[in-house]
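Student: Data file final.pdb (PDB, C-alpha atoms and all ligand atoms) is appended below.
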MODEL        1
ATOM      1  CA  MET A   1      10.878  12.330  19.496  1.00  0.00           C
ATOM      2  CA  GLN A   2      11.317   8.568  19.830  1.00  0.00           C
ATOM      3  CA  GLU A   3       8.989   6.707  17.460  1.00  0.00           C
ATOM      4  CA  ARG A   4       6.907   3.879  18.871  1.00  0.00           C
ATOM      5  CA  VAL A   5       7.691   1.563  15.989  1.00  0.00           C
ATOM      6  CA  ILE A   6      11.223   1.358  14.646  1.00  0.00           C
ATOM      7  CA  ILE A   7      11.957  -0.513  11.437  1.00  0.00           C
ATOM      8  CA  THR A   8      15.145  -2.500  11.957  1.00  0.00           C
ATOM      9  CA  GLN A   9      15.479  -4.188   8.590  1.00  0.00           C
ATOM     10  CA  GLY A  10      13.798  -4.657   5.239  1.00  0.00           C
ATOM     11  CA  GLN A  11      14.572  -6.971   2.387  1.00  0.00           C
ATOM     12  CA  TYR A  12      12.974  -8.241  -0.781  1.00  0.00           C
ATOM     13  CA  ILE A  13      11.982 -11.860  -0.239  1.00  0.00           C
ATOM     14  CA  ALA A  14       9.805 -13.187  -3.080  1.00  0.00           C
ATOM     15  CA  SER A  15       7.701 -12.477  -6.154  1.00  0.00           C
ATOM     16  CA  ALA A  16       4.617 -14.520  -6.862  1.00  0.00           C
ATOM     17  CA  VAL A  17       2.001 -15.066  -9.531  1.00  0.00           C
ATOM     18  CA  CYS A  18       0.560 -18.196  -7.891  1.00  0.00           C
ATOM     19  CA  LYS A  19       0.147 -19.792  -4.468  1.00  0.00           C
ATOM     20  CA  GLU A  20       3.215 -22.009  -4.778  1.00  0.00           C
ATOM     21  CA  GLN A  21       5.409 -18.916  -4.919  1.00  0.00           C
ATOM     22  CA  TYR A  22       4.162 -17.251  -1.729  1.00  0.00           C
ATOM     23  CA  PRO A  23       6.987 -17.077   0.810  1.00  0.00           C
ATOM     24  CA  SER A  24       7.237 -19.318   3.814  1.00  0.00           C
ATOM     25  CA  PRO A  25       7.099 -19.139   6.723  1.00  0.00           C
ATOM     26  CA  THR A  26       3.801 -17.261   6.740  1.00  0.00           C
ATOM     27  CA  ARG A  27       3.883 -13.963   8.581  1.00  0.00           C
ATOM     28  CA  LYS A  28       1.470 -11.122   9.141  1.00  0.00           C
ATOM     29  CA  GLU A  29       0.952  -9.261   5.888  1.00  0.00           C
ATOM     30  CA  ILE A  30       0.180  -5.643   5.108  1.00  0.00           C
ATOM     31  CA  VAL A  31      -0.767  -5.088   1.494  1.00  0.00           C
ATOM     32  CA  PHE A  32      -0.387  -2.043  -0.741  1.00  0.00           C
ATOM     33  CA  MET A  33      -2.597  -1.536  -3.765  1.00  0.00           C
ATOM     34  CA  GLY A  34      -3.585   1.239  -6.098  1.00  0.00           C
ATOM     35  CA  ARG A  35      -3.407   2.401  -9.683  1.00  0.00           C
ATOM     36  CA  SER A  36      -0.066   2.265 -11.472  1.00  0.00           C
ATOM     37  CA  ASN A  37       2.076   5.276 -10.609  1.00  0.00           C
ATOM     38  CA  VAL A  38       0.072   6.201  -7.499  1.00  0.00           C
ATOM     39  CA  GLY A  39       3.231   5.826  -5.385  1.00  0.00           C
ATOM     40  CA  LYS A  40       3.098   2.313  -3.910  1.00  0.00           C
ATOM     41  CA  SER A  41       6.789   1.515  -4.296  1.00  0.00           C
ATOM     42  CA  SER A  42       7.824   4.968  -3.089  1.00  0.00           C
ATOM     43  CA  LEU A  43       5.652   4.607  -0.003  1.00  0.00           C
ATOM     44  CA  ILE A  44       7.179   1.226   0.836  1.00  0.00           C
ATOM     45  CA  ASN A  45      10.662   2.684   0.443  1.00  0.00           C
ATOM     46  CA  SER A  46       9.828   5.673   2.632  1.00  0.00           C
ATOM     47  CA  LEU A  47       8.249   3.471   5.278  1.00  0.00           C
ATOM     48  CA  VAL A  48      11.183   1.094   5.473  1.00  0.00           C
ATOM     49  CA  ARG A  49      13.741   3.830   4.807  1.00  0.00           C
ATOM     50  CA  VAL A  50      15.596   1.818   2.215  1.00  0.00           C
ATOM     51  CA  LYS A  51      15.982   3.773  -0.965  1.00  0.00           C
ATOM     52  CA  ASN A  52      15.573   1.104  -3.621  1.00  0.00           C
ATOM     53  CA  LEU A  53      13.869  -1.716  -1.770  1.00  0.00           C
ATOM     54  CA  ALA A  54      10.788  -1.519  -3.973  1.00  0.00           C
ATOM     55  CA  ARG A  55      11.467  -0.384  -7.503  1.00  0.00           C
ATOM     56  CA  VAL A  56      10.226   3.093  -8.276  1.00  0.00           C
ATOM     57  CA  SER A  57       9.567   3.553 -11.928  1.00  0.00           C
ATOM     58  CA  GLY A  58       8.529   6.437 -14.102  1.00  0.00           C
ATOM     59  CA  GLN A  59       6.964   3.869 -16.400  1.00  0.00           C
ATOM     60  CA  PRO A  60       3.596   2.731 -15.067  1.00  0.00           C
ATOM     61  CA  GLY A  61       2.383  -0.826 -15.227  1.00  0.00           C
ATOM     62  CA  LYS A  62       5.749  -2.494 -14.872  1.00  0.00           C
ATOM     63  CA  THR A  63       5.278  -4.505 -11.713  1.00  0.00           C
ATOM     64  CA  GLN A  64       3.261  -7.551 -12.719  1.00  0.00           C
ATOM     65  CA  THR A  65       3.973  -9.778  -9.750  1.00  0.00           C
ATOM     66  CA  ILE A  66       2.999  -9.779  -6.098  1.00  0.00           C
ATOM     67  CA  ASN A  67       6.187  -8.685  -4.350  1.00  0.00           C
ATOM     68  CA  PHE A  68       6.891  -9.615  -0.739  1.00  0.00           C
ATOM     69  CA  TYR A  69       9.268  -7.676   1.495  1.00  0.00           C
ATOM     70  CA  GLU A  70      10.298  -9.034   4.867  1.00  0.00           C
ATOM     71  CA  ILE A  71      10.407  -6.306   7.471  1.00  0.00           C
ATOM     72  CA  GLY A  72      11.790  -6.342  11.003  1.00  0.00           C
ATOM     73  CA  ALA A  73      10.439  -3.960  13.622  1.00  0.00           C
ATOM     74  CA  LYS A  74      11.016  -3.077  17.232  1.00  0.00           C
ATOM     75  CA  ILE A  75       7.970  -1.850  19.099  1.00  0.00           C
ATOM     76  CA  LYS A  76       8.322   0.273  22.198  1.00  0.00           C
ATOM     77  CA  ASP A  77       7.762  -1.739  25.404  1.00  0.00           C
ATOM     78  CA  VAL A  78       7.522  -5.001  23.467  1.00  0.00           C
ATOM     79  CA  GLU A  79      10.518  -7.208  24.086  1.00  0.00           C
ATOM     80  CA  GLU A  80      10.314  -9.535  21.117  1.00  0.00           C
ATOM     81  CA  ARG A  81      11.277  -8.188  17.715  1.00  0.00           C
ATOM     82  CA  GLN A  82       8.513  -8.460  15.117  1.00  0.00           C
ATOM     83  CA  THR A  83       8.917  -9.788  11.591  1.00  0.00           C
ATOM     84  CA  PHE A  84       6.203  -9.256   9.003  1.00  0.00           C
ATOM     85  CA  TYR A  85       5.652  -8.840   5.264  1.00  0.00           C
ATOM     86  CA  LEU A  86       4.826  -5.774   3.249  1.00  0.00           C
ATOM     87  CA  VAL A  87       3.194  -6.842   0.012  1.00  0.00           C
ATOM     88  CA  ASP A  88       3.315  -4.713  -3.137  1.00  0.00           C
ATOM     89  CA  LEU A  89       0.592  -5.586  -5.656  1.00  0.00           C
ATOM     90  CA  PRO A  90       0.642  -4.807  -9.373  1.00  0.00           C
ATOM     91  CA  GLY A  91      -1.160  -1.579 -10.196  1.00  0.00           C
ATOM     92  CA  TYR A  92      -4.729  -1.873 -11.351  1.00  0.00           C
ATOM     93  CA  GLY A  93      -6.514   0.071 -14.037  1.00  0.00           C
ATOM     94  CA  TYR A  94      -3.546   0.508 -16.315  1.00  0.00           C
ATOM     95  CA  ALA A  95      -4.946   1.484 -19.708  1.00  0.00           C
ATOM     96  CA  LYS A  96      -2.159   0.020 -21.823  1.00  0.00           C
ATOM     97  CA  THR A  97      -2.412  -3.462 -20.363  1.00  0.00           C
ATOM     98  CA  GLY A  98      -4.314  -5.642 -22.816  1.00  0.00           C
ATOM     99  CA  LYS A  99      -7.705  -6.988 -21.841  1.00  0.00           C
ATOM    100  CA  GLU A 100      -6.391 -10.523 -21.589  1.00  0.00           C
ATOM    101  CA  LYS A 101      -3.527  -9.521 -19.310  1.00  0.00           C
ATOM    102  CA  ARG A 102      -5.861  -7.623 -17.019  1.00  0.00           C
ATOM    103  CA  LYS A 103      -7.988 -10.735 -16.625  1.00  0.00           C
ATOM    104  CA  ILE A 104      -4.970 -12.767 -15.566  1.00  0.00           C
ATOM    105  CA  TRP A 105      -3.984  -9.977 -13.198  1.00  0.00           C
ATOM    106  CA  SER A 106      -7.265  -9.895 -11.371  1.00  0.00           C
ATOM    107  CA  LYS A 107      -7.398 -13.686 -11.076  1.00  0.00           C
ATOM    108  CA  PHE A 108      -4.115 -14.150  -9.257  1.00  0.00           C
ATOM    109  CA  ILE A 109      -4.520 -10.991  -7.194  1.00  0.00           C
ATOM    110  CA  GLU A 110      -7.995 -12.069  -6.157  1.00  0.00           C
ATOM    111  CA  GLU A 111      -6.718 -15.512  -5.315  1.00  0.00           C
ATOM    112  CA  TYR A 112      -4.037 -14.005  -3.123  1.00  0.00           C
ATOM    113  CA  LEU A 113      -6.324 -11.519  -1.361  1.00  0.00           C
ATOM    114  CA  LEU A 114      -8.971 -14.127  -0.667  1.00  0.00           C
ATOM    115  CA  SER A 115      -6.655 -16.914   0.438  1.00  0.00           C
ATOM    116  CA  SER A 116      -4.134 -15.079   2.623  1.00  0.00           C
ATOM    117  CA  ARG A 117      -4.919 -15.959   6.201  1.00  0.00           C
ATOM    118  CA  GLU A 118      -2.290 -13.591   7.548  1.00  0.00           C
ATOM    119  CA  LEU A 119      -3.546 -10.487   5.781  1.00  0.00           C
ATOM    120  CA  GLN A 120      -4.001  -7.738   8.374  1.00  0.00           C
ATOM    121  CA  PHE A 121      -5.242  -4.887   6.222  1.00  0.00           C
ATOM    122  CA  VAL A 122      -4.933  -3.426   2.758  1.00  0.00           C
ATOM    123  CA  CYS A 123      -3.596   0.069   2.207  1.00  0.00           C
ATOM    124  CA  GLN A 124      -5.441   1.389  -0.817  1.00  0.00           C
ATOM    125  CA  LEU A 125      -3.532   4.310  -2.294  1.00  0.00           C
ATOM    126  CA  ILE A 126      -5.253   7.125  -4.127  1.00  0.00           C
ATOM    127  CA  ASP A 127      -3.469  10.136  -5.644  1.00  0.00           C
ATOM    128  CA  ILE A 128      -4.499  13.145  -3.569  1.00  0.00           C
ATOM    129  CA  ARG A 129      -4.595  15.359  -6.647  1.00  0.00           C
ATOM    130  CA  HIS A 130      -7.379  13.461  -8.365  1.00  0.00           C
ATOM    131  CA  GLU A 131     -10.834  12.167  -7.554  1.00  0.00           C
ATOM    132  CA  PRO A 132     -11.027   8.386  -7.170  1.00  0.00           C
ATOM    133  CA  MET A 133     -11.439   6.789 -10.587  1.00  0.00           C
ATOM    134  CA  PRO A 134     -14.055   4.088 -11.275  1.00  0.00           C
ATOM    135  CA  ALA A 135     -11.340   1.425 -10.858  1.00  0.00           C
ATOM    136  CA  ASP A 136     -10.517   2.793  -7.375  1.00  0.00           C
ATOM    137  CA  ILE A 137     -14.158   2.782  -6.331  1.00  0.00           C
ATOM    138  CA  ASP A 138     -14.730  -0.735  -7.710  1.00  0.00           C
ATOM    139  CA  MET A 139     -11.640  -2.015  -5.902  1.00  0.00           C
ATOM    140  CA  PHE A 140     -12.638  -0.370  -2.623  1.00  0.00           C
ATOM    141  CA  ARG A 141     -16.139  -1.843  -2.787  1.00  0.00           C
ATOM    142  CA  TRP A 142     -14.730  -5.254  -3.641  1.00  0.00           C
ATOM    143  CA  LEU A 143     -12.513  -5.195  -0.535  1.00  0.00           C
ATOM    144  CA  VAL A 144     -15.378  -4.097   1.706  1.00  0.00           C
ATOM    145  CA  ARG A 145     -17.648  -6.765   0.236  1.00  0.00           C
ATOM    146  CA  HIS A 146     -15.056  -9.419   1.057  1.00  0.00           C
ATOM    147  CA  GLU A 147     -14.638  -8.050   4.575  1.00  0.00           C
ATOM    148  CA  ILE A 148     -11.003  -7.115   4.063  1.00  0.00           C
ATOM    149  CA  ALA A 149      -9.934  -4.207   6.266  1.00  0.00           C
ATOM    150  CA  VAL A 150      -8.897  -1.168   4.211  1.00  0.00           C
ATOM    151  CA  LEU A 151      -6.887   1.888   5.098  1.00  0.00           C
ATOM    152  CA  VAL A 152      -7.245   4.537   2.389  1.00  0.00           C
ATOM    153  CA  ILE A 153      -4.055   6.533   1.892  1.00  0.00           C
ATOM    154  CA  ALA A 154      -3.972   9.754  -0.127  1.00  0.00           C
ATOM    155  CA  THR A 155      -0.518   9.922  -1.723  1.00  0.00           C
ATOM    156  CA  LYS A 156       1.759  12.694  -3.022  1.00  0.00           C
ATOM    157  CA  ALA A 157       0.451  15.231  -0.506  1.00  0.00           C
ATOM    158  CA  ASP A 158       3.544  17.390  -1.067  1.00  0.00           C
ATOM    159  CA  LYS A 159       2.387  18.157  -4.610  1.00  0.00           C
ATOM    160  CA  ILE A 160      -0.464  20.448  -3.577  1.00  0.00           C
ATOM    161  CA  GLY A 161      -1.142  22.959  -0.819  1.00  0.00           C
ATOM    162  CA  LYS A 162      -2.591  22.131   2.570  1.00  0.00           C
ATOM    163  CA  ARG A 163      -6.031  23.629   1.892  1.00  0.00           C
ATOM    164  CA  ILE A 164      -6.444  21.724  -1.371  1.00  0.00           C
ATOM    165  CA  CYS A 165      -5.279  18.549   0.370  1.00  0.00           C
ATOM    166  CA  GLU A 166      -8.086  18.876   2.886  1.00  0.00           C
ATOM    167  CA  LYS A 167     -10.649  19.607   0.212  1.00  0.00           C
ATOM    168  CA  ASN A 168      -9.532  16.656  -1.951  1.00  0.00           C
ATOM    169  CA  ILE A 169      -9.507  14.258   0.989  1.00  0.00           C
ATOM    170  CA  ALA A 170     -13.092  15.254   1.749  1.00  0.00           C
ATOM    171  CA  SER A 171     -13.957  14.541  -1.867  1.00  0.00           C
ATOM    172  CA  ILE A 172     -12.210  11.136  -1.797  1.00  0.00           C
ATOM    173  CA  ARG A 173     -14.185  10.206   1.301  1.00  0.00           C
ATOM    174  CA  GLU A 174     -17.434  11.321  -0.253  1.00  0.00           C
ATOM    175  CA  LYS A 175     -16.793   9.408  -3.497  1.00  0.00           C
ATOM    176  CA  LEU A 176     -15.967   6.234  -1.541  1.00  0.00           C
ATOM    177  CA  GLY A 177     -18.924   6.746   0.780  1.00  0.00           C
ATOM    178  CA  ILE A 178     -16.791   6.796   3.930  1.00  0.00           C
ATOM    179  CA  SER A 179     -17.436  10.268   5.333  1.00  0.00           C
ATOM    180  CA  ASP A 180     -16.871   9.023   8.883  1.00  0.00           C
ATOM    181  CA  ILE A 181     -13.627   7.132   8.264  1.00  0.00           C
ATOM    182  CA  ASP A 182     -10.140   8.631   8.279  1.00  0.00           C
ATOM    183  CA  VAL A 183      -8.055   8.854   5.146  1.00  0.00           C
ATOM    184  CA  LEU A 184      -4.328   9.001   5.838  1.00  0.00           C
ATOM    185  CA  GLN A 185      -2.473  11.775   4.061  1.00  0.00           C
ATOM    186  CA  TYR A 186       0.989  10.691   2.917  1.00  0.00           C
ATOM    187  CA  SER A 187       4.057  12.120   1.219  1.00  0.00           C
ATOM    188  CA  SER A 188       6.929   9.787   0.441  1.00  0.00           C
ATOM    189  CA  VAL A 189       9.111  12.781  -0.342  1.00  0.00           C
ATOM    190  CA  LYS A 190       8.559  14.380   3.060  1.00  0.00           C
ATOM    191  CA  ASN A 191       7.848  11.173   4.993  1.00  0.00           C
ATOM    192  CA  GLU A 192       4.562  12.761   6.022  1.00  0.00           C
ATOM    193  CA  GLY A 193       2.125  10.199   7.436  1.00  0.00           C
ATOM    194  CA  ARG A 194       4.936   7.741   8.097  1.00  0.00           C
ATOM    195  CA  SER A 195       4.700   7.568  11.876  1.00  0.00           C
ATOM    196  CA  GLU A 196       0.894   7.391  11.720  1.00  0.00           C
ATOM    197  CA  LEU A 197       1.087   4.415   9.359  1.00  0.00           C
ATOM    198  CA  LEU A 198       3.779   2.768  11.487  1.00  0.00           C
ATOM    199  CA  ASP A 199       1.486   3.150  14.496  1.00  0.00           C
ATOM    200  CA  VAL A 200      -1.347   1.352  12.710  1.00  0.00           C
ATOM    201  CA  ILE A 201       1.079  -1.394  11.683  1.00  0.00           C
ATOM    202  CA  GLY A 202       2.437  -1.617  15.226  1.00  0.00           C
ATOM    203  CA  ASN A 203      -1.084  -2.131  16.550  1.00  0.00           C
ATOM    204  CA  VAL A 204      -1.788  -5.116  14.312  1.00  0.00           C
ATOM    205  CA  LEU A 205       1.614  -6.646  15.013  1.00  0.00           C
ATOM    206  CA  ILE A 206       1.063  -6.824  18.755  1.00  0.00           C
ATOM    207  CA  GLN A 207      -2.515  -8.093  18.501  1.00  0.00           C
TER     208      GLN A 207
HETATM  209  N1  LIG B 301       6.231  14.396  -5.211  1.00  0.00           N
HETATM  210  C1  LIG B 301       6.009  13.101  -4.956  1.00  0.00           C
HETATM  211  N2  LIG B 301       6.198  12.181  -5.912  1.00  0.00           N
HETATM  212  C2  LIG B 301       5.950  10.886  -5.633  1.00  0.00           C
HETATM  213  C3  LIG B 301       5.479  10.480  -4.341  1.00  0.00           C
HETATM  214  N3  LIG B 301       5.303   9.139  -4.368  1.00  0.00           N
HETATM  215  C4  LIG B 301       5.664   8.728  -5.599  1.00  0.00           C
HETATM  216  N4  LIG B 301       6.058   9.758  -6.367  1.00  0.00           N
HETATM  217  C5  LIG B 301       6.506   9.697  -7.790  1.00  0.00           C
HETATM  218  O1  LIG B 301       5.487   9.089  -8.577  1.00  0.00           O
HETATM  219  C6  LIG B 301       6.035   8.200  -9.549  1.00  0.00           C
HETATM  220  C7  LIG B 301       5.479   6.779  -9.361  1.00  0.00           C
HETATM  221  O2  LIG B 301       5.882   6.267  -8.108  1.00  0.00           O
HETATM  222  P1  LIG B 301       5.954   4.697  -7.802  1.00  0.00           P
HETATM  223  O3  LIG B 301       6.305   4.589  -6.369  1.00  0.00           O
HETATM  224  O4  LIG B 301       6.840   4.002  -8.786  1.00  0.00           O
HETATM  225  O5  LIG B 301       4.435   4.278  -8.061  1.00  0.00           O
HETATM  226  P2  LIG B 301       3.806   2.799  -8.174  1.00  0.00           P
HETATM  227  O6  LIG B 301       3.660   2.513  -9.633  1.00  0.00           O
HETATM  228  O7  LIG B 301       2.463   2.916  -7.510  1.00  0.00           O
HETATM  229  O8  LIG B 301       4.722   1.847  -7.454  1.00  0.00           O
HETATM  230  C8  LIG B 301       7.551   8.265  -9.366  1.00  0.00           C
HETATM  231  O9  LIG B 301       8.055   9.188 -10.301  1.00  0.00           O
HETATM  232  C9  LIG B 301       7.716   8.783  -7.945  1.00  0.00           C
HETATM  233  O10 LIG B 301       8.909   9.494  -7.767  1.00  0.00           O
HETATM  234  C10 LIG B 301       5.274  11.498  -3.336  1.00  0.00           C
HETATM  235  O11 LIG B 301       4.858  11.254  -2.182  1.00  0.00           O
HETATM  236  N5  LIG B 301       5.557  12.785  -3.699  1.00  0.00           N
HETATM  237 MG    MG B 302       5.572   0.037  -8.074  1.00  0.00          MG
ENDMDL
END
Would you put the structure from the file into structure tokens?
Tutor:
Amino acid sequence: MQERVIITQGQYIASAVCKEQYPSPTRKEIVFMGRSNVGKSSLINSLVRVKNLARVSGQPGKTQTINFYEIGAKIKDVEERQTFYLVDLPGYGYAKTGKEKRKIWSKFIEEYLLSSRELQFVCQLIDIRHEPMPADIDMFRWLVRHEIAVLVIATKADKIGKRICEKNIASIREKLGISDIDVLQYSSVKNEGRSELLDVIGNVLIQ
């Protein structure tokens, strides 16, 4: 089957902890956030199909900068090639990060999320094996309150059986209070959910 959206290139472009470091030119941005170790970097790599584009680490809490990746895409029946950014945020809710550090984290992340005029939507990743933690729920509510579009993605779907996946997704939706909104099931190992996510991205790129 021919996919509707084909990624043609992906490269790391910038890391930022303040406005001055955001890349230029500005392009449409799709943001990934979630707790440390939830699978953000793996998902970006699976989406772009470049093995070590985003660094996957067994050690949580390592990425402390906003990382921008420039992605090229060809969309079916659209002549012009699209270029956009995938943005990997530092993980939130990491227990070993000192209180002071966490404060700095939230400040520059907040500044980015509230000032980016090209932000299309935020993918909030939640591990499918666990219920959303208070930090996940707080973050989700914060995004909704600031009218930032959110796509909730349940990661690591290959780690549990299909029936439990369905049950846990229902529980994630209930905990977030979004019983009528879809949660995308994803596995970076199996590339499950990849074409669905690419479709959503394709839609915002041609808007
Ligand atoms: N089985 C499985 N493991 C995953 C998946 N996504 C991530 N992982 C593993 O989870 C750990 C953390 O992943 P990483 O992408 O670095 O998470 P991040 O901290 O959110 O960027 C790594 O050991 C990954 O190999 C997945 O879809 N399936
Ligand atoms: Mg990471």
Student: Please identify the residues whose atoms come within 7 Å of ligand LIG 301 (chain B), using all atoms listed in the file, and report them as an NGL selection string.
Tutor: :A and (34-43 or 55-58 or 60-61 or 91 or 155-159 or 186-189)
Student: What is the atom CA of His146 of chain A-atom CA of Tyr22 of chain A distance in Å, reported with one decimal?
Tutor: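 Result for atom CA of His146 of chain A versus atom CA of Tyr22 of chain A: 20.9 Å, one decimal.
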Student: Tell me which residues the PyMOL selection byres (((chain A and resi 16) around 10) and not hetatm) grabs here, as a ChimeraX atom specification.
Tutor: /A:14-15,17-23,64-68,89,108-109,112
Student: Can you list what the PyMOL selection byres (((chain A and resi 12) around 10) and not hetatm) grabs from this structure, as an MDAnalysis selection string?
Tutor: chainID A and resid 10:11 13:15 53:54 67:71 85:87
Student: Which one of A:Val5, A:Ile201, A:Ile172, A:Val152 sits closest to Pro134 of chain A if you count only C-alpha atoms?
Tutor: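 Counting only C-alpha atoms, the residue closest to Pro134 of chain A is A:Ile172.
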